[in-house]
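Chemist: my_file_8.json (JSON, C-alpha atoms) pasted underneath:
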[["chain", "number", "residue", "atom", "x", "y", "z"],
["A", 1, "MET", "CA", 131.03, -66.89, -43.12],
["A", 2, "VAL", "CA", 128.35, -65.05, -41.19],
["A", 3, "ASP", "CA", 130.44, -61.86, -41.33],
["A", 4, "VAL", "CA", 130.71, -62.13, -45.12],
["A", 5, "VAL", "CA", 126.95, -62.54, -45.49],
["A", 6, "LEU", "CA", 126.28, -59.58, -43.20],
["A", 7, "GLN", "CA", 128.80, -57.47, -45.10],
["A", 8, "GLN", "CA", 127.16, -58.33, -48.44],
["A", 9, "GLY", "CA", 123.73, -57.50, -47.04],
["A", 10, "SER", "CA", 124.94, -54.15, -45.73],
["A", 11, "VAL", "CA", 126.47, -53.33, -49.12],
["A", 12, "ARG", "CA", 123.19, -54.13, -50.86],
["A", 13, "GLY", "CA", 121.33, -51.97, -48.37],
["A", 14, "VAL", "CA", 123.68, -49.07, -48.96],
["A", 15, "ARG", "CA", 123.25, -49.43, -52.73],
["A", 16, "ARG", "CA", 119.46, -49.45, -52.43],
["A", 17, "ALA", "CA", 119.59, -46.41, -50.18],
["A", 18, "ASN", "CA", 121.83, -44.58, -52.66],
["A", 19, "THR", "CA", 119.51, -45.49, -55.53],
["A", 20, "ARG", "CA", 116.49, -44.18, -53.63],
["A", 21, "THR", "CA", 118.34, -40.99, -52.75],
["A", 22, "ARG", "CA", 119.34, -40.40, -56.38],
["A", 23, "LEU", "CA", 115.80, -41.08, -57.58],
["A", 24, "HIS", "CA", 114.41, -38.74, -54.95],
["A", 25, "ASN", "CA", 116.87, -36.01, -55.96],
["A", 26, "VAL", "CA", 116.01, -36.43, -59.65],
["A", 27, "LEU", "CA", 112.29, -36.17, -58.94],
["A", 28, "LYS", "CA", 112.87, -33.02, -56.87],
["A", 29, "ARG", "CA", 114.43, -31.19, -59.84],
["A", 30, "LYS", "CA", 112.16, -28.69, -61.52],
["A", 31, "SER", "CA", 113.35, -29.75, -64.96],
["A", 32, "THR", "CA", 112.36, -33.37, -64.29],
["A", 33, "VAL", "CA", 108.94, -32.39, -62.98],
["A", 34, "ALA", "CA", 108.41, -30.12, -65.99],
["A", 35, "PHE", "CA", 109.38, -32.93, -68.37],
["A", 36, "LEU", "CA", 107.01, -35.41, -66.72],
["A", 37, "MET", "CA", 104.15, -32.91, -66.85],
["A", 38, "ALA", "CA", 104.86, -32.17, -70.54],
["A", 39, "LEU", "CA", 105.28, -35.84, -71.44],
["A", 40, "PRO", "CA", 101.61, -36.39, -72.44],
["A", 41, "LEU", "CA", 101.81, -33.42, -74.80],
["A", 42, "ILE", "CA", 105.12, -34.66, -76.22],
["A", 43, "LEU", "CA", 103.57, -38.06, -76.92],
["A", 44, "LEU", "CA", 100.55, -36.41, -78.53],
["A", 45, "VAL", "CA", 102.79, -34.27, -80.77],
["A", 46, "ALA", "CA", 104.79, -37.34, -81.72],
["A", 47, "LEU", "CA", 101.59, -39.18, -82.62],
["A", 48, "LEU", "CA", 99.86, -36.39, -84.54],
["A", 49, "VAL", "CA", 102.83, -34.52, -86.05],
["A", 50, "ILE", "CA", 106.06, -36.49, -86.16],
["A", 51, "TYR", "CA", 104.57, -39.76, -87.41],
["A", 52, "PRO", "CA", 102.55, -38.11, -90.24],
["A", 53, "ALA", "CA", 105.65, -36.13, -91.25],
["A", 54, "PHE", "CA", 107.80, -39.23, -91.62],
["A", 55, "TYR", "CA", 104.95, -41.03, -93.35],
["A", 56, "ALA", "CA", 104.68, -38.15, -95.85],
["A", 57, "ILE", "CA", 108.42, -38.49, -96.55],
["A", 58, "HIS", "CA", 107.87, -42.19, -97.14],
["A", 59, "LEU", "CA", 104.99, -41.50, -99.54],
["A", 60, "ALA", "CA", 107.05, -38.97, -101.48],
["A", 61, "THR", "CA", 109.55, -41.70, -102.38],
["A", 62, "LEU", "CA", 106.95, -43.98, -104.02],
["A", 63, "ASN", "CA", 105.49, -44.08, -107.51],
["A", 64, "LYS", "CA", 101.89, -43.12, -108.34],
["A", 65, "SER", "CA", 100.51, -46.56, -107.54],
["A", 66, "MET", "CA", 102.59, -46.64, -104.31],
["A", 67, "THR", "CA", 104.08, -50.00, -105.23],
["A", 68, "ARG", "CA", 107.65, -49.05, -106.16],
["A", 69, "PHE", "CA", 110.40, -46.97, -104.56],
["A", 70, "VAL", "CA", 111.47, -44.07, -106.82],
["A", 71, "GLY", "CA", 113.63, -42.05, -104.44],
["A", 72, "LEU", "CA", 113.74, -38.40, -105.49],
["A", 73, "GLY", "CA", 111.96, -39.09, -108.76],
["A", 74, "ASN", "CA", 108.83, -37.15, -107.76],
["A", 75, "PHE", "CA", 110.88, -34.07, -106.89],
["A", 76, "GLN", "CA", 112.80, -34.29, -110.17],
["A", 77, "PHE", "CA", 109.47, -34.44, -112.01],
["A", 78, "LEU", "CA", 108.17, -31.38, -110.14],
["A", 79, "PHE", "CA", 111.29, -29.33, -110.81],
["A", 80, "LYS", "CA", 110.71, -29.72, -114.55],
["A", 81, "ARG", "CA", 107.15, -28.36, -114.40],
["A", 82, "ASN", "CA", 106.54, -24.62, -114.85],
["A", 83, "THR", "CA", 103.34, -24.84, -112.81],
["A", 84, "PHE", "CA", 105.31, -25.99, -109.76],
["A", 85, "TRP", "CA", 107.62, -22.99, -109.84],
["A", 86, "MET", "CA", 104.62, -20.72, -110.37],
["A", 87, "VAL", "CA", 103.06, -22.21, -107.22],
["A", 88, "VAL", "CA", 106.32, -21.65, -105.31],
["A", 89, "GLU", "CA", 106.40, -18.00, -106.42],
["A", 90, "GLN", "CA", 102.73, -17.44, -105.64],
["A", 91, "SER", "CA", 103.01, -19.08, -102.22],
["A", 92, "CYS", "CA", 106.00, -16.91, -101.27],
["A", 93, "ILE", "CA", 104.34, -13.70, -102.50],
["A", 94, "PHE", "CA", 101.07, -14.59, -100.82],
["A", 95, "ALA", "CA", 102.67, -15.48, -97.48],
["A", 96, "VAL", "CA", 105.09, -12.55, -97.28],
["A", 97, "THR", "CA", 102.55, -9.94, -98.43],
["A", 98, "ALA", "CA", 99.80, -11.22, -96.15],
["A", 99, "VAL", "CA", 102.07, -11.45, -93.09],
["A", 100, "VAL", "CA", 103.48, -7.94, -93.65],
["A", 101, "PHE", "CA", 100.02, -6.39, -93.87],
["A", 102, "LYS", "CA", 98.70, -8.43, -90.95],
["A", 103, "ALA", "CA", 101.63, -7.30, -88.81],
["A", 104, "LEU", "CA", 101.23, -3.66, -89.86],
["A", 105, "ILE", "CA", 97.47, -3.56, -89.32],
["A", 106, "GLY", "CA", 97.76, -5.53, -86.08],
["A", 107, "PHE", "CA", 100.38, -3.08, -84.77],
["A", 108, "ILE", "CA", 98.23, -0.04, -85.61],
["A", 109, "VAL", "CA", 95.04, -1.54, -84.17],
["A", 110, "ALA", "CA", 96.90, -2.69, -81.04],
["A", 111, "HIS", "CA", 98.03, 0.88, -80.39],
["A", 112, "PHE", "CA", 94.46, 2.06, -80.92],
["A", 113, "ALA", "CA", 93.10, -0.47, -78.43],
["A", 114, "HIS", "CA", 95.95, 0.19, -75.97],
["A", 115, "ASN", "CA", 95.09, 3.89, -75.76],
["A", 116, "ILE", "CA", 91.37, 3.29, -75.14],
["A", 117, "PRO", "CA", 90.25, 3.74, -71.51],
["A", 118, "SER", "CA", 90.36, 0.46, -69.62],
["A", 119, "LYS", "CA", 86.56, 0.30, -69.15],
["A", 120, "LYS", "CA", 85.96, 0.19, -72.91],
["A", 121, "GLN", "CA", 88.93, -1.98, -73.83],
["A", 122, "ARG", "CA", 87.13, -5.29, -73.25],
["A", 123, "LYS", "CA", 84.31, -4.32, -75.60],
["A", 124, "TRP", "CA", 86.71, -3.23, -78.35],
["A", 125, "ARG", "CA", 88.97, -6.27, -77.92],
["A", 126, "GLY", "CA", 85.96, -8.54, -78.24],
["A", 127, "MET", "CA", 84.74, -6.84, -81.42],
["A", 128, "LEU", "CA", 88.19, -6.74, -83.01],
["A", 129, "LEU", "CA", 88.72, -10.45, -82.36],
["A", 130, "VAL", "CA", 85.53, -11.49, -84.18],
["A", 131, "PRO", "CA", 87.23, -12.14, -87.59],
["A", 132, "TRP", "CA", 89.77, -14.44, -85.94],
["A", 133, "VAL", "CA", 87.17, -16.30, -83.86],
["A", 134, "ILE", "CA", 84.82, -17.12, -86.76],
["A", 135, "PRO", "CA", 85.79, -20.35, -88.57],
["A", 136, "PRO", "CA", 87.65, -19.32, -91.74],
["A", 137, "ALA", "CA", 85.52, -21.54, -93.99],
["A", 138, "MET", "CA", 82.36, -19.81, -92.79],
["A", 139, "SER", "CA", 83.72, -16.28, -93.07],
["A", 140, "THR", "CA", 85.21, -17.01, -96.49],
["A", 141, "LEU", "CA", 81.77, -17.96, -97.78],
["A", 142, "ALA", "CA", 80.59, -14.46, -96.84],
["A", 143, "TRP", "CA", 83.54, -12.98, -98.72],
["A", 144, "LEU", "CA", 82.66, -15.18, -101.70],
["A", 145, "TRP", "CA", 79.28, -13.45, -101.84],
["A", 146, "LEU", "CA", 80.98, -10.04, -101.67],
["A", 147, "PHE", "CA", 83.14, -11.03, -104.66],
["A", 148, "ASP", "CA", 80.28, -12.61, -106.64],
["A", 149, "PRO", "CA", 80.34, -11.39, -110.28],
["A", 150, "SER", "CA", 76.56, -10.84, -110.43],
["A", 151, "TYR", "CA", 75.67, -9.77, -106.89],
["A", 152, "SER", "CA", 78.95, -8.33, -105.62],
["A", 153, "ALA", "CA", 78.41, -5.79, -102.87],
["A", 154, "PHE", "CA", 81.79, -4.29, -103.75],
["A", 155, "ASN", "CA", 80.82, -3.75, -107.39],
["A", 156, "TYR", "CA", 77.46, -2.33, -106.33],
["A", 157, "THR", "CA", 79.24, 0.23, -104.13],
["A", 158, "LEU", "CA", 81.81, 1.08, -106.80],
["A", 159, "GLY", "CA", 78.96, 1.70, -109.25],
["A", 160, "PHE", "CA", 78.02, 4.83, -107.29],
["A", 161, "PHE", "CA", 81.44, 6.26, -108.18],
["A", 162, "GLY", "CA", 81.18, 5.37, -111.84],
["A", 163, "ILE", "CA", 83.68, 2.51, -111.60],
["A", 164, "GLY", "CA", 82.80, -0.48, -113.75],
["A", 165, "PRO", "CA", 82.30, -3.96, -112.31],
["A", 166, "ILE", "CA", 85.51, -5.76, -111.38],
["A", 167, "SER", "CA", 85.96, -9.47, -111.95],
["A", 168, "TRP", "CA", 87.35, -10.06, -108.47],
["A", 169, "LEU", "CA", 87.86, -13.80, -108.84],
["A", 170, "GLY", "CA", 87.98, -14.06, -112.63],
["A", 171, "GLU", "CA", 91.21, -12.17, -113.33],
["A", 172, "ALA", "CA", 94.55, -13.41, -111.98],
["A", 173, "GLY", "CA", 95.64, -10.09, -110.45],
["A", 174, "TRP", "CA", 92.34, -9.35, -108.74],
["A", 175, "ALA", "CA", 91.98, -12.97, -107.61],
["A", 176, "ARG", "CA", 95.37, -12.85, -105.88],
["A", 177, "PHE", "CA", 94.45, -9.52, -104.30],
["A", 178, "SER", "CA", 91.13, -10.95, -103.07],
["A", 179, "VAL", "CA", 92.76, -14.00, -101.51],
["A", 180, "ILE", "CA", 95.37, -11.88, -99.72],
["A", 181, "LEU", "CA", 92.67, -9.44, -98.55],
["A", 182, "VAL", "CA", 90.61, -12.20, -96.93],
["A", 183, "ASN", "CA", 93.69, -13.72, -95.29],
["A", 184, "VAL", "CA", 94.72, -10.33, -93.88],
["A", 185, "TRP", "CA", 91.20, -9.71, -92.59],
["A", 186, "TYR", "CA", 91.19, -13.09, -90.87],
["A", 187, "GLY", "CA", 94.73, -13.02, -89.43],
["A", 188, "ALA", "CA", 95.22, -9.38, -88.38],
["A", 189, "PRO", "CA", 93.33, -9.81, -85.06],
["A", 190, "PHE", "CA", 95.86, -12.46, -83.99],
["A", 191, "PHE", "CA", 98.69, -9.96, -84.41],
["A", 192, "MET", "CA", 96.59, -7.33, -82.66],
["A", 193, "ILE", "CA", 96.04, -9.40, -79.52],
["A", 194, "MET", "CA", 99.70, -10.48, -79.37],
["A", 195, "TYR", "CA", 100.99, -6.94, -79.83],
["A", 196, "LEU", "CA", 98.47, -5.59, -77.34],
["A", 197, "ALA", "CA", 99.78, -8.01, -74.71],
["A", 198, "ALA", "CA", 103.34, -6.91, -75.51],
["A", 199, "LEU", "CA", 102.38, -3.23, -75.22],
["A", 200, "LYS", "CA", 100.96, -3.88, -71.76],
["A", 201, "SER", "CA", 104.38, -5.12, -70.64],
["A", 202, "VAL", "CA", 106.31, -2.02, -71.77],
["A", 203, "PRO", "CA", 107.10, 0.08, -68.66],
["A", 204, "GLU", "CA", 105.50, 3.53, -68.70],
["A", 205, "GLN", "CA", 108.71, 4.96, -67.22],
["A", 206, "LEU", "CA", 110.44, 4.47, -70.55],
["A", 207, "TYR", "CA", 107.86, 6.60, -72.34],
["A", 208, "GLU", "CA", 108.09, 9.25, -69.63],
["A", 209, "ALA", "CA", 111.89, 9.34, -69.92],
["A", 210, "ALA", "CA", 111.65, 9.60, -73.71],
["A", 211, "ALA", "CA", 109.14, 12.45, -73.43],
["A", 212, "ILE", "CA", 111.43, 14.31, -71.03],
["A", 213, "ASP", "CA", 114.25, 13.93, -73.56],
["A", 214, "GLY", "CA", 112.05, 15.60, -76.17],
["A", 215, "ALA", "CA", 111.08, 12.49, -78.19],
["A", 216, "ASN", "CA", 107.99, 12.90, -80.34],
["A", 217, "TRP", "CA", 105.30, 10.26, -80.96],
["A", 218, "TRP", "CA", 107.14, 8.55, -83.80],
["A", 219, "GLN", "CA", 110.48, 8.52, -81.96],
["A", 220, "ARG", "CA", 108.86, 6.93, -78.91],
["A", 221, "ILE", "CA", 107.51, 4.14, -81.11],
["A", 222, "TRP", "CA", 110.80, 3.67, -82.99],
["A", 223, "TYR", "CA", 113.21, 3.82, -80.05],
["A", 224, "VAL", "CA", 111.06, 2.50, -77.19],
["A", 225, "THR", "CA", 108.09, 0.43, -78.39],
["A", 226, "LEU", "CA", 109.66, -1.51, -81.25],
["A", 227, "PRO", "CA", 112.87, -2.52, -79.39],
["A", 228, "MET", "CA", 110.78, -3.75, -76.45],
["A", 229, "MET", "CA", 108.48, -5.72, -78.76],
["A", 230, "ARG", "CA", 111.03, -7.13, -81.21],
["A", 231, "ASN", "CA", 110.99, -10.65, -79.80],
["A", 232, "ILE", "CA", 107.20, -10.97, -79.76],
["A", 233, "ILE", "CA", 107.06, -9.45, -83.26],
["A", 234, "ALA", "CA", 109.57, -12.02, -84.51],
["A", 235, "ILE", "CA", 107.84, -15.03, -82.92],
["A", 236, "THR", "CA", 104.38, -13.89, -84.03],
["A", 237, "THR", "CA", 105.64, -13.32, -87.56],
["A", 238, "LEU", "CA", 107.21, -16.78, -87.69],
["A", 239, "PHE", "CA", 104.07, -18.49, -86.42],
["A", 240, "SER", "CA", 101.86, -16.57, -88.86],
["A", 241, "LEU", "CA", 104.25, -17.29, -91.73],
["A", 242, "ILE", "CA", 103.97, -21.03, -91.09],
["A", 243, "VAL", "CA", 100.16, -20.91, -90.88],
["A", 244, "THR", "CA", 99.85, -18.66, -93.95],
["A", 245, "PHE", "CA", 102.13, -20.85, -96.05],
["A", 246, "ALA", "CA", 99.94, -23.84, -95.23],
["A", 247, "ASN", "CA", 96.69, -21.97, -95.93],
["A", 248, "PHE", "CA", 94.10, -24.08, -97.71],
["A", 249, "ASP", "CA", 90.51, -23.15, -96.96],
["A", 250, "ILE", "CA", 90.51, -19.52, -98.15],
["A", 251, "VAL", "CA", 91.98, -20.27, -101.58],
["A", 252, "ARG", "CA", 89.97, -23.47, -101.94],
["A", 253, "ILE", "CA", 86.64, -21.73, -101.29],
["A", 254, "LEU", "CA", 87.28, -18.48, -103.17],
["A", 255, "THR", "CA", 89.08, -19.58, -106.33],
["A", 256, "ALA", "CA", 89.95, -23.31, -106.08],
["A", 257, "GLY", "CA", 93.31, -22.26, -107.52],
["A", 258, "GLY", "CA", 91.88, -20.50, -110.57],
["A", 259, "PRO", "CA", 91.87, -18.83, -112.91],
["A", 260, "LEU", "CA", 94.27, -21.21, -114.73],
["A", 261, "ASP", "CA", 96.15, -22.18, -111.53],
["A", 262, "GLN", "CA", 97.09, -18.54, -110.96],
["A", 263, "THR", "CA", 96.16, -18.54, -107.26],
["A", 264, "HIS", "CA", 97.26, -22.03, -106.26],
["A", 265, "LEU", "CA", 99.31, -22.37, -103.08],
["A", 266, "PHE", "CA", 101.28, -25.39, -101.87],
["A", 267, "ALA", "CA", 98.32, -26.82, -99.95],
["A", 268, "THR", "CA", 95.70, -26.36, -102.66],
["A", 269, "TRP", "CA", 97.94, -27.60, -105.47],
["A", 270, "ALA", "CA", 98.98, -30.63, -103.40],
["A", 271, "PHE", "CA", 95.29, -31.37, -102.83],
["A", 272, "LYS", "CA", 94.56, -31.03, -106.54],
["A", 273, "ILE", "CA", 97.41, -33.36, -107.52],
["A", 274, "GLY", "CA", 97.24, -35.80, -104.62],
["A", 275, "ILE", "CA", 93.50, -36.17, -103.95],
["A", 276, "GLU", "CA", 91.75, -35.00, -107.10],
["A", 277, "GLY", "CA", 94.49, -36.29, -109.40],
["A", 278, "SER", "CA", 94.90, -39.59, -107.48],
["A", 279, "ASP", "CA", 98.68, -39.14, -107.22],
["A", 280, "ILE", "CA", 99.21, -39.09, -103.47],
["A", 281, "PRO", "CA", 103.04, -39.47, -103.59],
["A", 282, "LEU", "CA", 103.36, -36.44, -105.90],
["A", 283, "GLY", "CA", 101.00, -34.44, -103.68],
["A", 284, "ALA", "CA", 103.09, -35.36, -100.64],
["A", 285, "SER", "CA", 106.20, -34.16, -102.51],
["A", 286, "VAL", "CA", 104.55, -30.78, -103.13],
["A", 287, "SER", "CA", 103.62, -30.44, -99.45],
["A", 288, "LEU", "CA", 107.11, -31.38, -98.28],
["A", 289, "PHE", "CA", 108.65, -28.63, -100.38],
["A", 290, "MET", "CA", 107.29, -26.13, -97.84],
["A", 291, "ALA", "CA", 109.58, -27.55, -95.17],
["A", 292, "PRO", "CA", 112.96, -26.21, -96.44],
["A", 293, "ILE", "CA", 111.48, -22.76, -97.16],
["A", 294, "LEU", "CA", 109.98, -22.48, -93.68],
["A", 295, "ALA", "CA", 113.13, -23.97, -92.10],
["A", 296, "VAL", "CA", 115.27, -21.19, -93.62],
["A", 297, "ALA", "CA", 112.84, -18.51, -92.41],
["A", 298, "ALA", "CA", 112.66, -20.07, -88.93],
["A", 299, "TYR", "CA", 116.46, -20.29, -88.72],
["A", 300, "PHE", "CA", 117.04, -16.59, -89.37],
["A", 301, "ILE", "CA", 114.16, -15.41, -87.20],
["A", 302, "LEU", "CA", 115.03, -17.62, -84.23],
["A", 303, "ARG", "CA", 118.72, -16.83, -84.57],
["A", 304, "ASP", "CA", 117.90, -13.13, -84.31],
["A", 305, "VAL", "CA", 115.72, -13.77, -81.25],
["A", 306, "SER", "CA", 118.46, -15.86, -79.61],
["A", 307, "LYS", "CA", 121.06, -13.24, -80.39],
["A", 308, "ARG", "CA", 119.04, -10.50, -78.71],
["A", 309, "GLY", "CA", 118.43, -12.79, -75.74],
["A", 310, "ASN", "CA", 122.15, -13.34, -75.28],
["A", 311, "GLU", "CA", 122.83, -9.62, -75.53],
["A", 312, "ALA", "CA", 120.22, -8.95, -72.88]]
I need this file expressed as structure tokens, please.
Modeler:
Amino acid sequence: MVDVVLQQGSVRGVRRANTRTRLHNVLKRKSTVAFLMALPLILLVALLVIYPAFYAIHLATLNKSMTRFVGLGNFQFLFKRNTFWMVVEQSCIFAVTAVVFKALIGFIVAHFAHNIPSKKQRKWRGMLLVPWVIPPAMSTLAWLWLFDPSYSAFNYTLGFFGIGPISWLGEAGWARFSVILVNVWYGAPFFMIMYLAALKSVPEQLYEAAAIDGANWWQRIWYVTLPMMRNIIAITTLFSLIVTFANFDIVRILTAGGPLDQTHLFATWAFKIGIEGSDIPLGASVSLFMAPILAVAAYFILRDVSKRGNEA
């Protein structure tokens, strides 16, 4: 009897020792430590992002008074409205055009800053980052003064060249141009600082080898710089595309969606319908329509990045 009890006790001791050993080995793994350190951020993202996203989906399935389940009724109603498809078209044009110009200007300015002597680079980087550092609502108010129909600094300058006053925010075409211009001015420094960091990581030996092979300035950019920066260009473009699609403050301050809803984006039109129009479920449906568009863009961009990573 005593032997049986001792044997059972030894078995329990061995099991406890094995459990401690396994736990110790798990805690020693870098992946486990990384997960535990990132756990607070994961919980914060779940609280501030995942929960509101599922709650927005829930709202989109309710009627205007939020008392009855209507399923996809709000989306069916939106698909029948011409204004909705105009907003989809304007949002896509706005986002793609703004991101392309931000990427192009950021790439050019990054090369300019990269070739400046190191002593002066800090000063230039600081000045070039000013548009991105200033809160967009505050800087957009300054642009609103520049576009003012009576006191426009742009129209005052154009008057010296005999060009008549332009209704920057009163005509659909000029209003769209103005909104894109302000967004490019605000977002280009972000591309600049990301591309500048990528340029710093390109080995100088590659440029020297290309120069020995007789490559000119453009060929060095095309065959050396761009291939080395493709991943950072893709990720930066994706991030900026998401932020630009969800832009609210610039359009809201400059045009409030006018004239005649010609400059509305997803965010501003959802605000107009959901908050100002007191139809929160329909506004949530408008906001959710951004998700499939951005998901398609993210899929192709990330697939290209993953493909190049596997090839490397």
Chemist: Using all atoms listed in the file, which of A:Trp222, A:Phe271, A:Tyr156, A:Tyr195 sits nearest Ala234 (chain A)?
Modeler: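 Nearest to Ala234 (chain A): A:Tyr195.
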Chemist: What's around Phe101 (chain A) at 12 Å? Count only C-alpha atoms, leave out sequence neighbours fewer than 4 positions away in its own chain, and write the answer as a PDB file with C-alpha atoms, in the coordinates of the input.
Modeler:
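As written to disk, selection10.pdb reads:
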ATOM      1  CA  PHE A  94     101.070 -14.590-100.820  1.00  0.00           C
ATOM      2  CA  ALA A  95     102.670 -15.480 -97.480  1.00  0.00           C
ATOM      3  CA  VAL A  96     105.090 -12.550 -97.280  1.00  0.00           C
ATOM      4  CA  THR A  97     102.550  -9.940 -98.430  1.00  0.00           C
ATOM      5  CA  ILE A 105      97.470  -3.560 -89.320  1.00  0.00           C
ATOM      6  CA  GLY A 106      97.760  -5.530 -86.080  1.00  0.00           C
ATOM      7  CA  PHE A 107     100.380  -3.080 -84.770  1.00  0.00           C
ATOM      8  CA  ILE A 108      98.230  -0.040 -85.610  1.00  0.00           C
ATOM      9  CA  VAL A 109      95.040  -1.540 -84.170  1.00  0.00           C
ATOM     10  CA  ILE A 180      95.370 -11.880 -99.720  1.00  0.00           C
ATOM     11  CA  LEU A 181      92.670  -9.440 -98.550  1.00  0.00           C
ATOM     12  CA  VAL A 182      90.610 -12.200 -96.930  1.00  0.00           C
ATOM     13  CA  ASN A 183      93.690 -13.720 -95.290  1.00  0.00           C
ATOM     14  CA  VAL A 184      94.720 -10.330 -93.880  1.00  0.00           C
ATOM     15  CA  TRP A 185      91.200  -9.710 -92.590  1.00  0.00           C
ATOM     16  CA  TYR A 186      91.190 -13.090 -90.870  1.00  0.00           C
ATOM     17  CA  GLY A 187      94.730 -13.020 -89.430  1.00  0.00           C
ATOM     18  CA  ALA A 188      95.220  -9.380 -88.380  1.00  0.00           C
ATOM     19  CA  PRO A 189      93.330  -9.810 -85.060  1.00  0.00           C
ATOM     20  CA  PHE A 191      98.690  -9.960 -84.410  1.00  0.00           C
ATOM     21  CA  MET A 192      96.590  -7.330 -82.660  1.00  0.00           C
ATOM     22  CA  THR A 237     105.640 -13.320 -87.560  1.00  0.00           C
ATOM     23  CA  SER A 240     101.860 -16.570 -88.860  1.00  0.00           C
ATOM     24  CA  LEU A 241     104.250 -17.290 -91.730  1.00  0.00           C
TER      25      LEU A 241
END
Chemist: I'd like the contact shell of Leu294 (chain A) - 9 Å cut-off, all atoms listed in the file, skipping same-chain residues fewer than 2 positions apart - returned as a list in words.
Modeler: Leu238, Leu241, Ile242, Phe245, Met290, Ala291, Pro292, Val296, Ala297, Ala298 and Tyr299 of chain A
Chemist: Rounded to one decimal place, report the CA of His111 (chain A)-CA of Trp143 (chain A) distance in Å.
Modeler: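 Calculated distance between CA of His111 (chain A) and CA of Trp143 (chain A) is 27.2 Å.
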Chemist: For Arg81 (chain A), which of A:Leu47, A:Val286, A:Ile293, A:Leu254 is the closest residue, counting all atoms listed in the file?
Modeler: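 Closest to Arg81 (chain A), using all atoms listed in the file: A:Val286.
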Chemist: Just checking: using only C-alpha atoms, which residue out of A:Phe75, A:Phe161, A:Gly173, A:His114 ends up closest to Val202 (chain A)?
Modeler: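 For Val202 (chain A), the nearest of the given residues is A:His114.
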Chemist: Would you compute the distance between CA of Ile301 (chain A) and CA of Arg230 (chain A)? Give it in Å to one decimal.
Modeler: 10.7 Å
Chemist: Excluding same-chain residues fewer than 2 positions from Ser152 (chain A), what lies within 12 Å of it counting all atoms listed in the file, as a compact mmCIF listing (two decimals) with C-alpha atoms, in the coordinates of the input?
Modeler:
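Output (part_37.txt):
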# COMPACT_ATOMS: atom_id res chain seq x y z
CA ALA A 142 80.59 -14.46 -96.84
CA TRP A 143 83.54 -12.98 -98.72
CA LEU A 144 82.66 -15.18 -101.70
CA TRP A 145 79.28 -13.45 -101.84
CA LEU A 146 80.98 -10.04 -101.67
CA PHE A 147 83.14 -11.03 -104.66
CA ASP A 148 80.28 -12.61 -106.64
CA PRO A 149 80.34 -11.39 -110.28
CA SER A 150 76.56 -10.84 -110.43
CA PHE A 154 81.79 -4.29 -103.75
CA ASN A 155 80.82 -3.75 -107.39
CA TYR A 156 77.46 -2.33 -106.33
CA THR A 157 79.24 0.23 -104.13
CA LEU A 158 81.81 1.08 -106.80
CA GLY A 159 78.96 1.70 -109.25
CA GLY A 164 82.80 -0.48 -113.75
CA PRO A 165 82.30 -3.96 -112.31
CA ILE A 166 85.51 -5.76 -111.38
CA SER A 167 85.96 -9.47 -111.95
CA TRP A 168 87.35 -10.06 -108.47
CA LEU A 169 87.86 -13.80 -108.84
Chemist: Taking 4 positions as the minimum chain separation for residues in the same chain, which residues sit within 10 Å of Ile280 (chain A) when counting only C-alpha atoms? Answer as a PyMOL selection string.
Modeler: chain A and resi 56+59-60+62-66+270-276+284-286
Chemist: Suppose you want the space between CA of Leu265 (chain A) and CA of Phe77 (chain A); what is it in Å?
Modeler: 18.1 Å
Chemist: Considering all atoms listed in the file, can you say which of A:Ile93, A:Leu282, A:Ile221, A:Leu206 comes closest to Thr263 (chain A)?
Modeler: A:Ile93
Chemist: So, with all atoms listed in the file as the atoms that count, which of A:Ile134, A:Ile233, A:Glu171, A:Tyr207 lies closest to Gly258 (chain A)?
Modeler: A:Glu171
